[in-house]
>>> print(open('structure00.txt').read())   # compact mmCIF, C-alpha atoms
# COMPACT_ATOMS: atom_id res chain seq x y z
CA ASP A 1 -1.63 16.41 6.40
CA ALA A 2 0.28 14.81 3.55
CA GLY A 3 0.76 11.13 4.07
CA VAL A 4 3.26 8.79 2.46
CA ILE A 5 3.18 9.34 -1.28
CA GLN A 6 3.99 6.57 -3.72
CA SER A 7 4.28 6.58 -7.48
CA PRO A 8 3.25 5.20 -9.81
CA ARG A 9 -0.01 3.75 -8.47
CA HIS A 10 -0.06 1.11 -11.16
CA GLU A 11 2.70 -0.31 -13.34
CA VAL A 12 2.35 -2.88 -16.07
CA THR A 13 5.46 -3.94 -17.92
CA GLU A 14 6.99 -6.89 -19.68
CA MET A 15 9.40 -9.24 -18.01
CA GLY A 16 13.01 -8.24 -18.31
CA GLN A 17 12.25 -4.55 -18.05
CA GLU A 18 13.55 -2.32 -15.27
CA VAL A 19 10.96 -1.10 -12.79
CA THR A 20 11.44 1.83 -10.43
CA LEU A 21 9.02 2.54 -7.60
CA ARG A 22 9.14 5.84 -5.75
CA CYS A 23 8.26 6.95 -2.25
CA LYS A 24 8.07 10.23 -0.40
CA PRO A 25 7.82 9.62 3.36
CA ILE A 26 6.00 11.85 5.82
CA SER A 27 8.09 14.92 6.56
CA GLY A 28 10.06 14.54 9.78
CA HIS A 29 9.90 10.76 9.83
CA ASN A 30 13.33 9.16 10.05
CA SER A 31 12.39 5.52 9.48
CA LEU A 32 11.32 4.20 6.07
CA PHE A 33 10.15 0.74 5.12
CA TRP A 34 9.44 -1.06 1.84
CA TYR A 35 6.93 -3.92 1.96
CA ARG A 36 5.49 -6.32 -0.59
CA GLN A 37 1.96 -7.71 -0.25
CA THR A 38 0.57 -10.78 -1.96
CA MET A 39 -2.48 -12.90 -1.22
CA MET A 40 -0.36 -15.92 -0.41
CA ARG A 41 2.36 -14.33 1.71
CA GLY A 42 0.68 -11.25 3.14
CA LEU A 43 2.87 -8.26 4.04
CA GLU A 44 6.59 -8.91 3.79
CA LEU A 45 9.23 -6.41 4.91
CA LEU A 46 11.79 -5.95 2.13
CA ILE A 47 14.10 -3.29 3.53
CA TYR A 48 14.31 -0.77 6.35
CA PHE A 49 16.11 2.58 6.37
CA ASN A 50 16.89 4.68 9.42
CA ASN A 51 18.11 8.24 8.85
CA ASN A 52 18.56 7.40 5.16
CA VAL A 53 20.87 4.45 5.91
CA PRO A 54 19.82 0.88 5.01
CA ILE A 55 19.70 -1.06 8.26
CA ASP A 56 18.13 -4.37 7.26
CA ASP A 57 17.80 -5.62 3.69
CA SER A 58 17.41 -9.28 4.58
CA GLY A 59 13.92 -9.31 3.12
CA MET A 60 15.05 -8.31 -0.37
CA PRO A 61 14.31 -11.39 -2.47
CA GLU A 62 17.25 -11.37 -4.82
CA ASP A 63 20.01 -9.25 -6.24
CA ARG A 64 17.51 -8.08 -8.84
CA PHE A 65 16.03 -5.89 -6.11
CA SER A 66 17.76 -2.74 -4.88
CA ALA A 67 16.67 0.25 -2.84
CA LYS A 68 18.11 3.68 -2.22
CA MET A 69 17.34 6.64 -0.03
CA PRO A 70 19.42 9.57 -1.27
CA ASN A 71 17.79 12.02 1.14
CA ALA A 72 15.21 12.18 3.91
CA SER A 73 12.33 12.89 1.54
CA PHE A 74 12.80 10.30 -1.20
CA SER A 75 13.37 6.61 -1.68
CA THR A 76 13.32 4.24 -4.63
CA LEU A 77 12.88 0.50 -5.02
CA LYS A 78 14.22 -0.89 -8.26
CA ILE A 79 13.75 -4.28 -9.86
CA GLN A 80 16.07 -5.18 -12.72
CA PRO A 81 15.33 -7.36 -14.57
CA SER A 82 11.71 -7.86 -13.58
CA GLU A 83 10.01 -11.27 -13.59
CA PRO A 84 6.31 -12.28 -13.51
CA ARG A 85 6.69 -13.56 -9.93
CA ASP A 86 7.50 -10.01 -8.84
CA SER A 87 3.88 -9.06 -9.49
CA ALA A 88 2.47 -7.75 -6.21
CA VAL A 89 1.50 -4.57 -4.42
CA TYR A 90 4.52 -2.71 -3.06
CA PHE A 91 4.05 -0.42 -0.08
CA CYS A 92 6.26 2.21 1.42
CA ALA A 93 5.78 3.18 5.06
CA SER A 94 7.43 5.68 7.38
CA SER A 95 7.50 6.25 11.11
CA LEU A 96 8.68 8.99 13.41
CA VAL A 97 11.14 6.86 15.31
CA GLN A 98 12.22 3.25 15.34
CA GLY A 99 9.81 1.10 17.32
CA GLN A 100 6.94 2.07 19.64
CA GLU A 101 5.47 4.36 17.00
CA PRO A 102 3.03 3.40 14.25
CA GLN A 103 4.23 2.98 10.71
CA HIS A 104 2.18 4.98 8.24
CA PHE A 105 1.66 3.43 4.84
CA GLY A 106 1.24 4.84 1.38
CA ASP A 107 -1.43 3.52 -0.97
CA GLY A 108 1.06 1.31 -2.76
CA THR A 109 2.12 0.52 -6.31
CA ARG A 110 0.30 -2.35 -7.97
CA LEU A 111 2.93 -4.00 -10.16
CA SER A 112 2.10 -6.44 -12.91
CA ILE A 113 4.90 -8.12 -14.84
CA LEU A 114 3.69 -9.81 -18.00
CA GLY B 1 4.47 -11.17 8.62
CA GLU B 2 1.91 -13.85 8.64
CA SER B 3 0.51 -15.16 5.40
CA VAL B 4 -2.98 -14.03 4.52
CA GLY B 5 -3.41 -16.73 1.92
CA LEU B 6 -6.88 -17.79 0.90
CA HIS B 7 -8.16 -18.44 4.43
CA LEU B 8 -8.86 -14.94 5.66
CA PRO B 9 -11.19 -14.98 8.69
CA THR B 10 -14.38 -13.08 7.98
CA LEU B 11 -16.88 -11.21 10.10
CA SER B 12 -20.22 -10.06 8.76
CA VAL B 13 -22.33 -7.59 10.74
CA GLN B 14 -25.39 -5.42 10.25
CA GLU B 15 -25.01 -1.68 9.99
CA GLY B 16 -25.37 -0.13 13.42
CA ASP B 17 -24.22 -3.22 15.30
CA ASN B 18 -21.02 -3.33 17.30
CA SER B 19 -18.13 -5.34 15.83
CA ILE B 20 -15.42 -7.20 17.69
CA ILE B 21 -12.31 -8.32 15.82
CA ASN B 22 -9.91 -10.59 17.64
CA CYS B 23 -6.20 -11.22 17.35
CA ALA B 24 -3.98 -13.71 19.14
CA TYR B 25 -0.31 -12.87 19.35
CA SER B 26 2.44 -15.34 19.98
CA ASN B 27 5.33 -13.45 21.56
CA SER B 28 4.90 -12.73 25.26
CA ALA B 29 7.72 -10.17 24.99
CA SER B 30 5.69 -7.98 22.61
CA ASP B 31 4.94 -4.67 24.27
CA TYR B 32 3.42 -2.50 21.55
CA PHE B 33 0.40 -3.30 19.42
CA ILE B 34 -1.26 -1.59 16.49
CA TRP B 35 -4.51 -2.07 14.60
CA TYR B 36 -4.61 -1.25 10.90
CA LYS B 37 -7.53 -1.01 8.48
CA GLN B 38 -6.94 -1.82 4.82
CA GLU B 39 -9.59 -0.95 2.26
CA SER B 40 -9.51 -2.38 -1.22
CA GLY B 41 -6.86 -0.68 -3.34
CA LYS B 42 -5.36 1.22 -0.44
CA GLY B 43 -2.53 0.83 2.03
CA PRO B 44 -2.95 -0.20 5.67
CA GLN B 45 -4.32 2.75 7.62
CA PHE B 46 -3.37 3.25 11.28
CA ILE B 47 -6.42 3.07 13.56
CA ILE B 48 -5.22 2.83 17.13
CA ASP B 49 -2.30 1.55 19.17
CA ILE B 50 -1.74 0.36 22.71
CA ARG B 51 1.29 -0.27 24.86
CA SER B 52 1.59 -3.22 27.21
CA ASN B 53 1.29 -1.06 30.31
CA MET B 54 -2.37 -0.51 29.40
CA ASP B 55 -5.34 -2.88 29.19
CA LYS B 56 -7.69 -0.63 27.27
CA ARG B 57 -7.53 2.36 25.02
CA GLN B 58 -10.36 4.24 23.34
CA GLY B 59 -10.51 6.26 20.18
CA GLN B 60 -13.32 7.59 18.08
CA ARG B 61 -15.83 4.69 17.87
CA VAL B 62 -13.02 2.21 18.46
CA THR B 63 -11.69 0.51 21.56
CA VAL B 64 -8.69 -1.77 21.81
CA LEU B 65 -8.45 -4.30 24.62
CA LEU B 66 -5.25 -6.07 25.57
CA ASN B 67 -5.15 -9.24 27.65
CA LYS B 68 -1.51 -10.07 28.25
CA THR B 69 -2.33 -13.15 30.29
CA VAL B 70 -3.75 -14.98 27.29
CA LYS B 71 -1.89 -12.92 24.66
CA HIS B 72 -5.07 -11.61 23.11
CA LEU B 73 -5.91 -8.32 21.46
CA SER B 74 -9.31 -7.14 20.32
CA LEU B 75 -10.69 -4.20 18.37
CA GLN B 76 -14.21 -3.09 19.09
CA ILE B 77 -16.00 -0.86 16.60
CA ALA B 78 -19.15 0.83 17.86
CA ALA B 79 -22.14 1.44 15.58
CA THR B 80 -20.47 -0.18 12.59
CA GLN B 81 -20.97 1.63 9.29
CA PRO B 82 -20.63 0.45 5.67
CA GLY B 83 -17.44 2.50 5.45
CA ASP B 84 -15.91 0.25 8.09
CA SER B 85 -15.89 -2.65 5.62
CA ALA B 86 -12.24 -3.58 5.14
CA VAL B 87 -9.52 -6.02 6.21
CA TYR B 88 -8.28 -5.35 9.73
CA PHE B 89 -4.76 -6.33 10.78
CA CYS B 90 -3.20 -6.41 14.19
CA ALA B 91 0.55 -5.92 14.47
CA GLU B 92 2.97 -6.42 17.34
CA ASN B 93 6.37 -5.01 18.16
CA ILE B 94 9.02 -5.52 20.81
CA GLY B 95 10.83 -2.61 22.45
CA SER B 96 12.65 -0.41 19.98
CA ASN B 97 12.71 -3.13 17.37
CA TYR B 98 11.65 -1.74 13.99
CA LYS B 99 10.02 -4.97 12.83
CA LEU B 100 6.26 -5.25 13.03
CA THR B 101 4.78 -8.75 13.03
CA PHE B 102 1.42 -8.64 11.29
CA GLY B 103 -1.52 -10.92 12.00
CA LYS B 104 -3.40 -12.70 9.27
CA GLY B 105 -6.12 -10.09 8.95
CA THR B 106 -9.89 -10.28 9.32
CA LEU B 107 -12.30 -9.25 6.58
CA LEU B 108 -15.15 -7.19 8.03
CA THR B 109 -18.27 -6.85 5.89
CA VAL B 110 -20.98 -4.46 6.97
CA ASN B 111 -24.43 -5.14 5.55
CA PRO B 112 -26.73 -2.14 5.13
>>> encode(input="structure00.txt", output="structure tokens")
Amino acid sequence: DAGVIQSPRHEVTEMGQEVTLRCKPISGHNSLFWYRQTMMRGLELLIYFNNNVPIDDSGMPEDRFSAKMPNASFSTLKIQPSEPRDSAVYFCASSLVQGQEPQHFGDGTRLSIL
Amino acid sequence: GESVGLHLPTLSVQEGDNSIINCAYSNSASDYFIWYKQESGKGPQFIIDIRSNMDKRQGQRVTVLLNKTVKHLSLQIAATQPGDSAVYFCAENIGSNYKLTFGKGTLLTVNP
């Protein structure tokens, strides 16, 4: 079965550049999550979508971060302009329903901002 | 989620031994728990879950035990293999809340 698919797997860019991360959730899942993982802070929830609608974006660090979900099979996380402190691994996860069901994670995008 | 930081608990076992990974949760209202395995360079992988109306649940080579009295969760891995080497996270959830609270993670190393 196809899991959550993220692209690119690795991204290296210079500060100030725009970065776009992409996610295809598991088909039929109606909840989508973007996380950021660092050694110091662990997994942090950035934003949560339910049925393509953003429900909670309180974890988005700054206005430089934005996320969209134009349809049930695609979501993007954009950083503009990027800064070195944005370097982290970004994960997308999806679940069948909200709560009481496991979230299934993609293999992430390792982002390095120089 | 909790910070992993530089103080990740570690567990080192010999291949073939049984492993027990522990997790203490803080919210007595939590009623759904998940164990994830994260290998280097990959995302957290769902292993097994348990709801608060159960004390024990078994999967393939894994067993999760839930002790609500002391707010403790454990993951038992039978006949541990080198491929089991990874960081293991527990996560908790309340009701239909979408937010998972992740534990700090435990690094399991399996020696051949």
>>> interface_residues(input="structure00.txt", of="chain A", to="chain B", cutoff="12 Å", atoms="all atoms listed in the file", output="number ranges by chain")
A: 3-6, 9-10, 30-50, 55-56, 58-59, 89-110
>>> residues_near_point(input="structure00.txt", point="(-2.6, -7.2, 25.7)", cutoff="10 Å", atoms="only C-alpha atoms", output="compact mmCIF listing (two decimals) with C-alpha atoms, keeping the file's coordinate frame")
# COMPACT_ATOMS: atom_id res chain seq x y z
CA CYS B 23 -6.20 -11.22 17.35
CA ALA B 24 -3.98 -13.71 19.14
CA TYR B 25 -0.31 -12.87 19.35
CA SER B 28 4.90 -12.73 25.26
CA SER B 30 5.69 -7.98 22.61
CA ASP B 31 4.94 -4.67 24.27
CA TYR B 32 3.42 -2.50 21.55
CA PHE B 33 0.40 -3.30 19.42
CA ILE B 50 -1.74 0.36 22.71
CA ARG B 51 1.29 -0.27 24.86
CA SER B 52 1.59 -3.22 27.21
CA ASN B 53 1.29 -1.06 30.31
CA MET B 54 -2.37 -0.51 29.40
CA ASP B 55 -5.34 -2.88 29.19
CA LYS B 56 -7.69 -0.63 27.27
CA VAL B 64 -8.69 -1.77 21.81
CA LEU B 65 -8.45 -4.30 24.62
CA LEU B 66 -5.25 -6.07 25.57
CA ASN B 67 -5.15 -9.24 27.65
CA LYS B 68 -1.51 -10.07 28.25
CA THR B 69 -2.33 -13.15 30.29
CA VAL B 70 -3.75 -14.98 27.29
CA LYS B 71 -1.89 -12.92 24.66
CA HIS B 72 -5.07 -11.61 23.11
CA LEU B 73 -5.91 -8.32 21.46
CA SER B 74 -9.31 -7.14 20.32
>>> atom_distance(input="structure00.txt", atom1="atom CA of Tyr88 of chain B", atom2="atom CA of Ser87 of chain A")
23.0 Å
>>> residues_around(input="structure00.txt", residues="Gln60 of chain B", least_positions_apart="5", cutoff="12 Å", atoms="only C-alpha atoms", output="PyMOL selection string")
chain B and resi 47-48+76-80
>>> atom_distance(input="structure00.txt", atom1="atom CA of Pro112 of chain B", atom2="atom CA of Lys37 of chain B")
19.5 Å
>>> atom_distance(input="structure00.txt", atom1="atom CA of Pro84 of chain A", atom2="atom CA of Thr20 of chain A")
15.3 Å
>>> axis_aligned_box(input="structure00.txt", around="segment 91-96 of chain B", padding_each_side="5 Å", output="JSON")
{"center_x": 6.6, "center_y": -3.4, "center_z": 18.5, "size_x": 22.1, "size_y": 16.0, "size_z": 18.0}
>>> residues_near_point(input="structure00.txt", point="(16.4, -8.5, -8.5)", cutoff="8 Å", atoms="all atoms listed in the file", output="PyMOL selection string")
chain A and resi 61-66+78-82
>>> closest_residue(input="structure00.txt", among="B:Ile20, B:Val87, B:Leu11, B:Ala29", to="Arg61 of chain B", atoms="all atoms listed in the file")
B:Ile20
>>> closest_residue(input="structure00.txt", among="A:Ser112, A:Thr13, A:Val53, A:Ala2", to="Lys68 of chain A", atoms="all atoms listed in the file")
A:Val53
>>> build_atoms(input="structure00.txt", residues="segment 35-46 of chain A", atoms="all heavy atoms", output="PDB file, keeping the file's coordinate frame")
ATOM      1  N   TYR A  35       7.604  -2.644   1.779  1.00  0.00           N
ATOM      2  CA  TYR A  35       6.930  -3.920   1.960  1.00  0.00           C
ATOM      3  C   TYR A  35       6.406  -4.417   0.606  1.00  0.00           C
ATOM      4  O   TYR A  35       6.159  -3.630  -0.311  1.00  0.00           O
ATOM      5  CB  TYR A  35       5.712  -3.784   2.876  1.00  0.00           C
ATOM      6  CG  TYR A  35       5.995  -3.579   4.339  1.00  0.00           C
ATOM      7  CD1 TYR A  35       6.178  -2.285   4.845  1.00  0.00           C
ATOM      8  CD2 TYR A  35       6.034  -4.646   5.228  1.00  0.00           C
ATOM      9  CE1 TYR A  35       6.401  -2.083   6.198  1.00  0.00           C
ATOM     10  CE2 TYR A  35       6.254  -4.451   6.585  1.00  0.00           C
ATOM     11  CZ  TYR A  35       6.438  -3.165   7.062  1.00  0.00           C
ATOM     12  OH  TYR A  35       6.649  -2.966   8.415  1.00  0.00           O
ATOM     13  N   ARG A  36       6.179  -5.717   0.546  1.00  0.00           N
ATOM     14  CA  ARG A  36       5.490  -6.320  -0.590  1.00  0.00           C
ATOM     15  C   ARG A  36       4.305  -7.104  -0.029  1.00  0.00           C
ATOM     16  O   ARG A  36       4.438  -7.799   0.984  1.00  0.00           O
ATOM     17  CB  ARG A  36       6.439  -7.262  -1.348  1.00  0.00           C
ATOM     18  CG  ARG A  36       5.822  -7.972  -2.515  1.00  0.00           C
ATOM     19  CD  ARG A  36       6.868  -8.697  -3.348  1.00  0.00           C
ATOM     20  NE  ARG A  36       7.509  -9.793  -2.657  1.00  0.00           N
ATOM     21  CZ  ARG A  36       8.422 -10.581  -3.203  1.00  0.00           C
ATOM     22  NH1 ARG A  36       8.820 -10.362  -4.455  1.00  0.00           N
ATOM     23  NH2 ARG A  36       8.975 -11.559  -2.523  1.00  0.00           N
ATOM     24  N   GLN A  37       3.152  -7.001  -0.704  1.00  0.00           N
ATOM     25  CA  GLN A  37       1.960  -7.710  -0.250  1.00  0.00           C
ATOM     26  C   GLN A  37       1.413  -8.579  -1.363  1.00  0.00           C
ATOM     27  O   GLN A  37       1.155  -8.114  -2.477  1.00  0.00           O
ATOM     28  CB  GLN A  37       0.876  -6.726   0.224  1.00  0.00           C
ATOM     29  CG  GLN A  37      -0.344  -7.416   0.846  1.00  0.00           C
ATOM     30  CD  GLN A  37      -1.370  -6.423   1.338  1.00  0.00           C
ATOM     31  OE1 GLN A  37      -1.702  -5.445   0.669  1.00  0.00           O
ATOM     32  NE2 GLN A  37      -1.890  -6.654   2.540  1.00  0.00           N
ATOM     33  N   THR A  38       1.225  -9.845  -1.057  1.00  0.00           N
ATOM     34  CA  THR A  38       0.570 -10.780  -1.960  1.00  0.00           C
ATOM     35  C   THR A  38      -0.490 -11.539  -1.177  1.00  0.00           C
ATOM     36  O   THR A  38      -0.455 -11.586   0.052  1.00  0.00           O
ATOM     37  CB  THR A  38       1.561 -11.794  -2.574  1.00  0.00           C
ATOM     38  OG1 THR A  38       2.158 -12.548  -1.495  1.00  0.00           O
ATOM     39  CG2 THR A  38       2.653 -11.095  -3.359  1.00  0.00           C
ATOM     40  N   MET A  39      -1.413 -12.135  -1.892  1.00  0.00           N
ATOM     41  CA  MET A  39      -2.480 -12.900  -1.220  1.00  0.00           C
ATOM     42  C   MET A  39      -1.892 -14.072  -0.453  1.00  0.00           C
ATOM     43  O   MET A  39      -2.356 -14.406   0.627  1.00  0.00           O
ATOM     44  CB  MET A  39      -3.495 -13.388  -2.249  1.00  0.00           C
ATOM     45  CG  MET A  39      -4.486 -12.331  -2.674  1.00  0.00           C
ATOM     46  SD  MET A  39      -5.479 -11.740  -1.305  1.00  0.00           S
ATOM     47  CE  MET A  39      -6.379 -13.235  -0.897  1.00  0.00           C
ATOM     48  N   MET A  40      -0.884 -14.698  -1.023  1.00  0.00           N
ATOM     49  CA  MET A  40      -0.360 -15.920  -0.410  1.00  0.00           C
ATOM     50  C   MET A  40       0.570 -15.638   0.758  1.00  0.00           C
ATOM     51  O   MET A  40       0.601 -16.402   1.726  1.00  0.00           O
ATOM     52  CB  MET A  40       0.362 -16.763  -1.466  1.00  0.00           C
ATOM     53  CG  MET A  40      -0.557 -17.347  -2.512  1.00  0.00           C
ATOM     54  SD  MET A  40      -1.951 -18.266  -1.801  1.00  0.00           S
ATOM     55  CE  MET A  40      -1.082 -19.553  -0.904  1.00  0.00           C
ATOM     56  N   ARG A  41       1.326 -14.564   0.698  1.00  0.00           N
ATOM     57  CA  ARG A  41       2.360 -14.330   1.710  1.00  0.00           C
ATOM     58  C   ARG A  41       2.075 -13.132   2.610  1.00  0.00           C
ATOM     59  O   ARG A  41       2.822 -12.892   3.564  1.00  0.00           O
ATOM     60  CB  ARG A  41       3.715 -14.172   1.029  1.00  0.00           C
ATOM     61  CG  ARG A  41       4.140 -15.399   0.237  1.00  0.00           C
ATOM     62  CD  ARG A  41       5.408 -15.104  -0.573  1.00  0.00           C
ATOM     63  NE  ARG A  41       6.561 -14.945   0.291  1.00  0.00           N
ATOM     64  CZ  ARG A  41       7.349 -15.948   0.671  1.00  0.00           C
ATOM     65  NH1 ARG A  41       7.090 -17.176   0.260  1.00  0.00           N
ATOM     66  NH2 ARG A  41       8.385 -15.718   1.436  1.00  0.00           N
ATOM     67  N   GLY A  42       1.002 -12.402   2.316  1.00  0.00           N
ATOM     68  CA  GLY A  42       0.680 -11.250   3.140  1.00  0.00           C
ATOM     69  C   GLY A  42       1.702 -10.142   2.985  1.00  0.00           C
ATOM     70  O   GLY A  42       2.313  -9.983   1.927  1.00  0.00           O
ATOM     71  N   LEU A  43       1.917  -9.371   4.049  1.00  0.00           N
ATOM     72  CA  LEU A  43       2.870  -8.260   4.040  1.00  0.00           C
ATOM     73  C   LEU A  43       4.260  -8.764   4.403  1.00  0.00           C
ATOM     74  O   LEU A  43       4.453  -9.333   5.465  1.00  0.00           O
ATOM     75  CB  LEU A  43       2.432  -7.195   5.037  1.00  0.00           C
ATOM     76  CG  LEU A  43       1.480  -6.119   4.549  1.00  0.00           C
ATOM     77  CD1 LEU A  43       0.919  -5.351   5.736  1.00  0.00           C
ATOM     78  CD2 LEU A  43       2.164  -5.170   3.585  1.00  0.00           C
ATOM     79  N   GLU A  44       5.214  -8.511   3.543  1.00  0.00           N
ATOM     80  CA  GLU A  44       6.590  -8.910   3.790  1.00  0.00           C
ATOM     81  C   GLU A  44       7.473  -7.665   3.815  1.00  0.00           C
ATOM     82  O   GLU A  44       7.424  -6.856   2.884  1.00  0.00           O
ATOM     83  CB  GLU A  44       7.111  -9.815   2.679  1.00  0.00           C
ATOM     84  CG  GLU A  44       6.353 -11.101   2.455  1.00  0.00           C
ATOM     85  CD  GLU A  44       6.895 -11.832   1.241  1.00  0.00           C
ATOM     86  OE1 GLU A  44       6.497 -11.487   0.107  1.00  0.00           O
ATOM     87  OE2 GLU A  44       7.732 -12.741   1.402  1.00  0.00           O
ATOM     88  N   LEU A  45       8.287  -7.521   4.839  1.00  0.00           N
ATOM     89  CA  LEU A  45       9.230  -6.410   4.910  1.00  0.00           C
ATOM     90  C   LEU A  45      10.404  -6.703   3.985  1.00  0.00           C
ATOM     91  O   LEU A  45      11.051  -7.741   4.101  1.00  0.00           O
ATOM     92  CB  LEU A  45       9.723  -6.216   6.333  1.00  0.00           C
ATOM     93  CG  LEU A  45      10.771  -5.123   6.536  1.00  0.00           C
ATOM     94  CD1 LEU A  45      10.196  -3.751   6.213  1.00  0.00           C
ATOM     95  CD2 LEU A  45      11.306  -5.161   7.965  1.00  0.00           C
ATOM     96  N   LEU A  46      10.675  -5.781   3.071  1.00  0.00           N
ATOM     97  CA  LEU A  46      11.790  -5.950   2.130  1.00  0.00           C
ATOM     98  C   LEU A  46      13.058  -5.296   2.664  1.00  0.00           C
ATOM     99  O   LEU A  46      14.122  -5.905   2.691  1.00  0.00           O
ATOM    100  CB  LEU A  46      11.428  -5.355   0.770  1.00  0.00           C
ATOM    101  CG  LEU A  46      10.210  -5.954   0.069  1.00  0.00           C
ATOM    102  CD1 LEU A  46       9.953  -5.225  -1.240  1.00  0.00           C
ATOM    103  CD2 LEU A  46      10.400  -7.441  -0.174  1.00  0.00           C
TER     104      LEU A  46
END
